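Student: The structure file upload.txt (compact mmCIF, C-alpha atoms) is provided below.
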```
# COMPACT_ATOMS: atom_id res chain seq x y z
CA MET A 1 109.04 138.85 33.77
CA TRP A 2 110.33 139.72 30.29
CA LYS A 3 113.88 138.96 31.38
CA THR A 4 112.79 135.51 32.59
CA MET A 5 110.92 134.82 29.35
CA LYS A 6 113.99 135.81 27.33
CA SER A 7 116.12 133.41 29.36
CA ASP A 8 113.58 130.63 28.69
CA ILE A 9 113.88 131.27 24.95
CA GLN A 10 117.66 131.39 25.15
CA ALA A 11 117.63 127.99 26.91
CA VAL A 12 115.84 126.54 23.89
CA TYR A 13 118.51 127.90 21.53
CA GLU A 14 121.26 126.43 23.73
CA ASN A 15 119.73 122.96 23.96
CA ASP A 16 117.78 122.36 20.76
CA PRO A 17 119.67 122.49 17.44
CA ALA A 18 116.31 122.42 15.63
CA ALA A 19 115.26 125.85 16.99
CA ARG A 20 115.18 128.28 14.05
CA SER A 21 113.63 131.50 15.32
CA THR A 22 112.18 133.20 18.38
CA PHE A 23 108.79 133.37 16.67
CA GLU A 24 108.81 129.59 16.22
CA ILE A 25 109.82 129.00 19.85
CA ILE A 26 107.12 131.28 21.25
CA PHE A 27 104.29 129.78 19.22
CA THR A 28 105.21 126.12 18.75
CA TYR A 29 107.29 124.89 21.72
CA SER A 30 104.96 123.13 24.19
CA GLY A 31 107.71 122.94 26.83
CA VAL A 32 108.01 126.73 26.88
CA HIS A 33 104.23 127.10 27.03
CA ALA A 34 104.02 124.69 29.99
CA ILE A 35 106.71 126.61 31.90
CA TRP A 36 105.02 129.96 31.30
CA HIS A 37 101.61 128.59 32.31
CA HIS A 38 103.18 127.14 35.43
CA ARG A 39 104.67 130.45 36.51
CA PHE A 40 101.23 132.00 36.21
CA ALA A 41 99.61 129.14 38.17
CA HIS A 42 102.38 129.19 40.80
CA TRP A 43 101.66 132.86 41.52
CA PHE A 44 98.05 131.99 42.41
CA PHE A 45 99.23 128.97 44.40
CA LYS A 46 101.48 131.15 46.57
CA LYS A 47 98.48 133.46 47.15
CA ARG A 48 96.54 130.39 48.41
CA MET A 49 94.17 130.57 45.45
CA TYR A 50 94.56 126.83 44.99
CA THR A 51 91.53 126.17 42.81
CA ILE A 52 92.44 128.84 40.27
CA ALA A 53 96.01 127.56 40.25
CA ARG A 54 94.84 123.98 39.56
CA ILE A 55 92.50 125.12 36.80
CA ILE A 56 95.38 126.88 35.04
CA SER A 57 97.58 123.82 35.58
CA GLN A 58 94.99 121.43 34.14
CA ALA A 59 94.33 123.70 31.17
CA SER A 60 98.06 123.72 30.46
CA ARG A 61 98.14 119.92 30.76
CA PHE A 62 95.31 119.64 28.24
CA ILE A 63 97.08 121.93 25.76
CA THR A 64 100.69 120.76 26.15
CA GLY A 65 100.52 117.20 27.50
CA ILE A 66 102.84 118.29 30.34
CA GLU A 67 101.54 118.18 33.91
CA ILE A 68 103.27 120.48 36.40
CA HIS A 69 101.63 120.89 39.79
CA PRO A 70 101.26 124.60 40.59
CA GLY A 71 103.09 124.07 43.88
CA ALA A 72 106.30 122.87 42.19
CA ARG A 73 109.28 125.24 42.13
CA LEU A 74 111.10 125.61 38.82
CA GLY A 75 114.53 127.20 38.42
CA GLN A 76 115.81 129.42 35.66
CA ARG A 77 116.46 128.26 32.08
CA LEU A 78 114.60 124.97 32.44
CA PHE A 79 114.39 123.26 29.04
CA ILE A 80 111.64 120.70 28.33
CA ASP A 81 112.29 118.92 25.04
CA HIS A 82 109.07 117.73 23.34
CA GLY A 83 107.66 117.10 26.82
CA MET A 84 104.66 114.86 26.20
CA GLY A 85 103.90 112.81 29.31
CA ILE A 86 106.10 114.75 31.73
CA VAL A 87 104.75 114.86 35.32
CA ILE A 88 106.20 117.12 38.03
CA GLY A 89 104.82 116.77 41.56
CA GLU A 90 103.70 119.39 44.06
CA THR A 91 106.77 119.50 46.32
CA CYS A 92 109.31 119.02 43.54
CA GLU A 93 112.09 121.60 43.29
CA ILE A 94 114.14 122.01 40.11
CA GLY A 95 117.39 123.97 39.93
CA ASN A 96 118.82 126.06 37.12
CA ASP A 97 119.81 124.88 33.62
CA VAL A 98 117.98 121.55 33.91
CA VAL A 99 116.92 119.54 30.85
CA LEU A 100 113.91 117.19 30.87
CA TYR A 101 113.01 114.91 27.98
CA GLN A 102 109.61 113.42 27.20
CA GLY A 103 107.98 110.96 29.58
CA VAL A 104 109.92 112.02 32.70
CA THR A 105 108.18 111.66 36.06
CA LEU A 106 109.34 113.55 39.14
CA GLY A 107 106.96 112.01 41.63
CA GLY A 108 106.38 110.56 45.07
CA THR A 109 106.17 107.01 46.38
CA GLY A 110 103.01 107.10 48.49
CA ASN A 111 100.44 109.18 50.35
CA GLU A 112 102.85 110.75 52.83
CA LYS A 113 102.49 114.42 53.72
CA GLY A 114 105.09 117.17 53.46
CA LYS A 115 108.10 117.00 51.13
CA ARG A 116 107.54 113.87 49.04
CA HIS A 117 109.01 114.71 45.64
CA PRO A 118 112.65 115.02 44.53
CA THR A 119 114.87 118.07 44.52
CA ILE A 120 116.82 118.38 41.28
CA GLY A 121 120.13 120.25 41.36
CA ASN A 122 121.65 122.52 38.72
CA ASN A 123 122.79 121.38 35.26
CA VAL A 124 120.99 118.03 35.55
CA VAL A 125 119.81 116.09 32.48
CA ILE A 126 116.95 113.58 32.87
CA SER A 127 116.45 111.47 29.76
CA SER A 128 113.30 110.09 28.15
CA GLY A 129 111.04 107.93 30.29
CA ALA A 130 113.08 108.24 33.49
CA LYS A 131 111.25 108.11 36.83
CA VAL A 132 112.66 109.91 39.87
CA LEU A 133 110.47 108.95 42.82
CA GLY A 134 110.75 110.12 46.41
CA SER A 135 112.02 112.97 48.54
CA PHE A 136 115.77 113.09 47.94
CA PHE A 137 118.39 115.19 46.15
CA VAL A 138 119.78 114.67 42.65
CA GLY A 139 123.18 116.36 42.69
CA ASP A 140 124.46 119.05 40.36
CA ASN A 141 125.83 118.09 36.93
CA SER A 142 124.30 114.60 37.08
CA ARG A 143 122.32 112.84 34.42
CA ILE A 144 119.69 110.13 34.53
CA GLY A 145 119.60 107.62 31.68
CA ALA A 146 116.54 106.82 29.59
CA ASN A 147 113.88 104.75 31.39
CA ALA A 148 115.89 104.63 34.63
CA VAL A 149 113.95 104.38 37.91
CA VAL A 150 115.74 106.39 40.61
CA LEU A 151 114.67 105.73 44.20
CA LYS A 152 117.54 107.16 46.25
CA GLU A 153 119.86 110.16 46.41
CA VAL A 154 122.25 110.81 43.53
CA PRO A 155 125.61 112.47 44.32
CA PRO A 156 126.85 115.35 42.16
CA ASN A 157 128.58 114.60 38.82
CA SER A 158 127.01 111.15 38.54
CA THR A 159 125.45 109.09 35.75
CA VAL A 160 122.58 106.80 36.73
CA VAL A 161 121.03 104.04 34.59
CA GLY A 162 118.88 100.95 35.07
CA ILE A 163 115.96 99.69 37.15
CA PRO A 164 116.43 100.40 39.97
CA GLY A 165 118.82 103.21 39.14
CA ARG A 166 122.51 102.52 39.70
CA ILE A 167 125.37 105.01 39.60
CA VAL A 168 127.69 103.96 36.77
CA LYS A 169 129.84 107.06 36.44
CA ARG A 170 131.04 109.66 38.94
CA ASP A 171 134.26 111.43 38.11
CA GLY A 172 133.48 115.10 38.62
CA VAL A 173 133.54 115.85 34.87
CA ARG A 174 130.44 117.46 33.45
CA ILE A 175 128.87 115.33 30.71
CA GLU A 176 127.76 116.70 27.36
CA ARG A 177 124.04 117.02 27.87
CA LEU A 178 122.85 116.13 24.35
CA ASN A 179 124.66 112.76 24.32
CA HIS A 180 122.07 111.26 26.65
CA GLY A 181 121.77 108.14 24.48
CA ASP A 182 125.44 107.23 24.91
CA LEU A 183 125.34 105.71 28.39
CA PRO A 184 127.13 102.73 29.93
CA ASP A 185 124.79 99.80 30.61
CA PRO A 186 125.52 97.70 33.73
CA ILE A 187 123.19 94.92 32.53
CA ILE A 188 125.24 94.45 29.37
CA ASP A 189 128.43 94.50 31.46
CA ILE A 190 127.05 91.71 33.68
CA CYS A 191 126.07 89.68 30.60
CA HIS A 192 129.59 90.00 29.21
CA HIS A 193 131.01 88.90 32.57
CA LEU A 194 128.71 85.86 32.72
CA THR A 195 129.56 84.94 29.13
CA THR A 196 133.27 85.01 29.99
CA GLU A 197 132.71 82.75 33.02
CA ILE A 198 130.64 80.28 30.96
CA ASN A 199 133.39 80.08 28.33
CA GLN A 200 135.95 79.42 31.07
CA LEU A 201 133.79 76.63 32.54
CA LYS A 202 133.38 75.08 29.08
CA GLN A 203 137.15 75.09 28.65
CA GLN A 204 137.63 73.45 32.05
CA ILE A 205 135.10 70.71 31.17
CA HIS A 206 136.85 70.18 27.84
CA ASP A 207 140.21 69.82 29.60
CA LEU A 208 138.77 67.34 32.12
CA GLN A 209 137.31 65.26 29.29
CA HIS A 210 140.73 65.05 27.66
CA GLN A 211 142.33 64.05 30.97
CA LEU A 212 139.76 61.29 31.45
CA ALA A 213 140.32 60.06 27.90
CA ASP A 214 144.10 59.92 28.47
CA ALA A 215 143.60 58.04 31.74
CA ASN A 216 141.28 55.59 29.99
CA GLN A 217 143.91 54.84 27.34
CA LYS A 218 146.62 54.31 29.96
CA ASN A 219 144.41 51.79 31.82
CA GLY A 220 143.73 49.76 28.70
CA GLY A 221 140.36 51.21 28.01
CA VAL A 222 138.99 50.35 31.46
CA ILE A 223 138.32 52.90 34.14
CA HIS A 224 138.17 51.47 37.67
CA HIS A 225 135.74 53.11 40.05
CA ASP A 226 136.51 53.00 43.76
CA THR A 227 133.60 52.04 45.98
```
Kindly present the structure from the file in structure tokens form.
Tutor:
Amino acid sequence: MWKTMKSDIQAVYENDPAARSTFEIIFTYSGVHAIWHHRFAHWFFKKRMYTIARIISQASRFITGIEIHPGARLGQRLFIDHGMGIVIGETCEIGNDVVLYQGVTLGGTGNEKGKRHPTIGNNVVISSGAKVLGSFFVGDNSRIGANAVVLKEVPPNSTVVGIPGRIVKRDGVRIERLNHGDLPDPIIDICHHLTTEINQLKQQIHDLQHQLADANQKNGGVIHHDT
């Protein structure tokens, strides 16, 4: 247990440049508190003491603002930054070295039974406000952009942005996890493309107007229309 707690503290040092001391992390980091409460609640959940597990879970939610169902499975060195508003569902599984920012939801899409929440691979970063909904796998070394809504499987080494989530980068290179605000935006790319097409159409109309003006001058100022 102590080894696991030390790895949780080390994960904070590795991911948060604002962390100053172990004392500060232990007593002021709500993400660490939520993870430790969850491990306690998960132990009761595995023993089928569901009510006690839910009581611990809800108490942790009240204190930290982070709701983790006691049935969820969390990997090692999970880092929750700030964490307010995070929701992690019952059948969710999270791998090792994962980073979650505030407002993330790892949830389901309905009232179905069985596995209904996502499985998050290792070294995944999920940015602020992102929603990952459904029973599918988010591959290792991937990252989800802020406010993205992911509804289908994400291959490893991918970057996903938008609503619904679209893969905009997949090159096998691990992305620096703290640069989660520097993401390509497919909506902006489409806008640029449309702007280019509009400018081309304007130029074509301008050229046609000149051609009509030249034809008008050649015909003595009169344009004959065929019937």
Student: Using only C-alpha atoms, which of the listed residues (A:Gln58, A:Thr119, A:Ser7, A:Thr195) sits closest to Leu106 of chain A?
Tutor: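 Once distances to Leu106 of chain A are computed over only C-alpha atoms, the minimum belongs to A:Thr119.
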Student: Between A:His42, A:Lys152, A:Lys3, A:Lys202, which is the closest to Gly165 of chain A once you count only C-alpha atoms?
Tutor: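 So, comparing all the options, the nearest one is A:Lys152.
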Student: Please measure the separation of atom CA of His69 of chain A and atom CA of Gly83 of chain A, giving the value in Å to one decimal.
Tutor: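 Distance reported for this atom pair: 14.8 Å.
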Student: To one decimal in Å, tell me the separation between atom CA of Phe44 of chain A and atom CA of Thr22 of chain A.
Tutor: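 These two atoms are separated by 27.9 Å.
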Student: Extract, using only C-alpha atoms, all DNA, RNA and protein residues at most 10 Å from Thr4 of chain A, discarding same-chain residues fewer than 4 positions from it, and format them as a PDB file with C-alpha atoms, keeping the file's coordinate frame.
Tutor:
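Once everything was written out, this is around_2.pdb:
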```pdb
ATOM      1  CA  ASP A   8     113.580 130.630  28.690  1.00  0.00           C
ATOM      2  CA  ILE A   9     113.880 131.270  24.950  1.00  0.00           C
ATOM      3  CA  GLN A  10     117.660 131.390  25.150  1.00  0.00           C
ATOM      4  CA  TRP A  36     105.020 129.960  31.300  1.00  0.00           C
ATOM      5  CA  GLN A  76     115.810 129.420  35.660  1.00  0.00           C
ATOM      6  CA  ARG A  77     116.460 128.260  32.080  1.00  0.00           C
TER       7      ARG A  77
END
```
Student: Counting all atoms listed in the file, what is within 7 Å of Ile94 of chain A, bar same-chain residues fewer than 6 positions away, as an MDAnalysis selection string?
Tutor: chainID A and resid 73:75 119:121
Student: Give the answer as one residue: which of A:Thr105, A:Val98, A:Gly162, A:Lys115 has the shortest atom-to-atom distance to Asp140 of chain A, using all atoms listed in the file?
Tutor: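 The answer is A:Val98, which sits nearest to Asp140 of chain A.
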Student: Compare A:Cys191, A:Ile126, A:Leu78, A:Val87 by their minimum atom-to-atom distance to Val149 of chain A, counting only C-alpha atoms, and give me the closest one.
Tutor: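 Looking only at the distances to Val149 of chain A, the closest residue turns out to be A:Ile126.
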Student: So what do you get for atom CA of Asn96 of chain A versus atom CA of Ala59 of chain A, distance-wise?
Tutor: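 Atom-to-atom, atom CA of Asn96 of chain A to atom CA of Ala59 of chain A, that is 25.3 Å.
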Student: Residues within 12 Å of segment 28-34 of chain A, please, as a ChimeraX atom specification. Count only C-alpha atoms; anything in the same chain fewer than 5 positions from it doesn't count.
Tutor: /A:4-13,16,18-23,39-42,56-70,74,77-88,99-102
Student: Keeping only C-alpha atoms, take the residues you just selected and write them out as a PDB file, in the frame of the given file.
Tutor:
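Saved result, part.pdb, follows:
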```pdb
ATOM      1  CA  THR A   4     112.790 135.510  32.590  1.00  0.00           C
ATOM      2  CA  MET A   5     110.920 134.820  29.350  1.00  0.00           C
ATOM      3  CA  LYS A   6     113.990 135.810  27.330  1.00  0.00           C
ATOM      4  CA  SER A   7     116.120 133.410  29.360  1.00  0.00           C
ATOM      5  CA  ASP A   8     113.580 130.630  28.690  1.00  0.00           C
ATOM      6  CA  ILE A   9     113.880 131.270  24.950  1.00  0.00           C
ATOM      7  CA  GLN A  10     117.660 131.390  25.150  1.00  0.00           C
ATOM      8  CA  ALA A  11     117.630 127.990  26.910  1.00  0.00           C
ATOM      9  CA  VAL A  12     115.840 126.540  23.890  1.00  0.00           C
ATOM     10  CA  TYR A  13     118.510 127.900  21.530  1.00  0.00           C
ATOM     11  CA  ASP A  16     117.780 122.360  20.760  1.00  0.00           C
ATOM     12  CA  ALA A  18     116.310 122.420  15.630  1.00  0.00           C
ATOM     13  CA  ALA A  19     115.260 125.850  16.990  1.00  0.00           C
ATOM     14  CA  ARG A  20     115.180 128.280  14.050  1.00  0.00           C
ATOM     15  CA  SER A  21     113.630 131.500  15.320  1.00  0.00           C
ATOM     16  CA  THR A  22     112.180 133.200  18.380  1.00  0.00           C
ATOM     17  CA  PHE A  23     108.790 133.370  16.670  1.00  0.00           C
ATOM     18  CA  ARG A  39     104.670 130.450  36.510  1.00  0.00           C
ATOM     19  CA  PHE A  40     101.230 132.000  36.210  1.00  0.00           C
ATOM     20  CA  ALA A  41      99.610 129.140  38.170  1.00  0.00           C
ATOM     21  CA  HIS A  42     102.380 129.190  40.800  1.00  0.00           C
ATOM     22  CA  ILE A  56      95.380 126.880  35.040  1.00  0.00           C
ATOM     23  CA  SER A  57      97.580 123.820  35.580  1.00  0.00           C
ATOM     24  CA  GLN A  58      94.990 121.430  34.140  1.00  0.00           C
ATOM     25  CA  ALA A  59      94.330 123.700  31.170  1.00  0.00           C
ATOM     26  CA  SER A  60      98.060 123.720  30.460  1.00  0.00           C
ATOM     27  CA  ARG A  61      98.140 119.920  30.760  1.00  0.00           C
ATOM     28  CA  PHE A  62      95.310 119.640  28.240  1.00  0.00           C
ATOM     29  CA  ILE A  63      97.080 121.930  25.760  1.00  0.00           C
ATOM     30  CA  THR A  64     100.690 120.760  26.150  1.00  0.00           C
ATOM     31  CA  GLY A  65     100.520 117.200  27.500  1.00  0.00           C
ATOM     32  CA  ILE A  66     102.840 118.290  30.340  1.00  0.00           C
ATOM     33  CA  GLU A  67     101.540 118.180  33.910  1.00  0.00           C
ATOM     34  CA  ILE A  68     103.270 120.480  36.400  1.00  0.00           C
ATOM     35  CA  HIS A  69     101.630 120.890  39.790  1.00  0.00           C
ATOM     36  CA  PRO A  70     101.260 124.600  40.590  1.00  0.00           C
ATOM     37  CA  LEU A  74     111.100 125.610  38.820  1.00  0.00           C
ATOM     38  CA  ARG A  77     116.460 128.260  32.080  1.00  0.00           C
ATOM     39  CA  LEU A  78     114.600 124.970  32.440  1.00  0.00           C
ATOM     40  CA  PHE A  79     114.390 123.260  29.040  1.00  0.00           C
ATOM     41  CA  ILE A  80     111.640 120.700  28.330  1.00  0.00           C
ATOM     42  CA  ASP A  81     112.290 118.920  25.040  1.00  0.00           C
ATOM     43  CA  HIS A  82     109.070 117.730  23.340  1.00  0.00           C
ATOM     44  CA  GLY A  83     107.660 117.100  26.820  1.00  0.00           C
ATOM     45  CA  MET A  84     104.660 114.860  26.200  1.00  0.00           C
ATOM     46  CA  GLY A  85     103.900 112.810  29.310  1.00  0.00           C
ATOM     47  CA  ILE A  86     106.100 114.750  31.730  1.00  0.00           C
ATOM     48  CA  VAL A  87     104.750 114.860  35.320  1.00  0.00           C
ATOM     49  CA  ILE A  88     106.200 117.120  38.030  1.00  0.00           C
ATOM     50  CA  VAL A  99     116.920 119.540  30.850  1.00  0.00           C
ATOM     51  CA  LEU A 100     113.910 117.190  30.870  1.00  0.00           C
ATOM     52  CA  TYR A 101     113.010 114.910  27.980  1.00  0.00           C
ATOM     53  CA  GLN A 102     109.610 113.420  27.200  1.00  0.00           C
TER      54      GLN A 102
END
```
Student: Near segment 187-190 of chain A, counting all atoms listed in the file, which residues have an atom at most 12 Å away, once you skip same-chain residues fewer than 2 positions from it, shown as a PyMOL selection string?
Tutor: chain A and resi 161-166+168+183-185+192-197
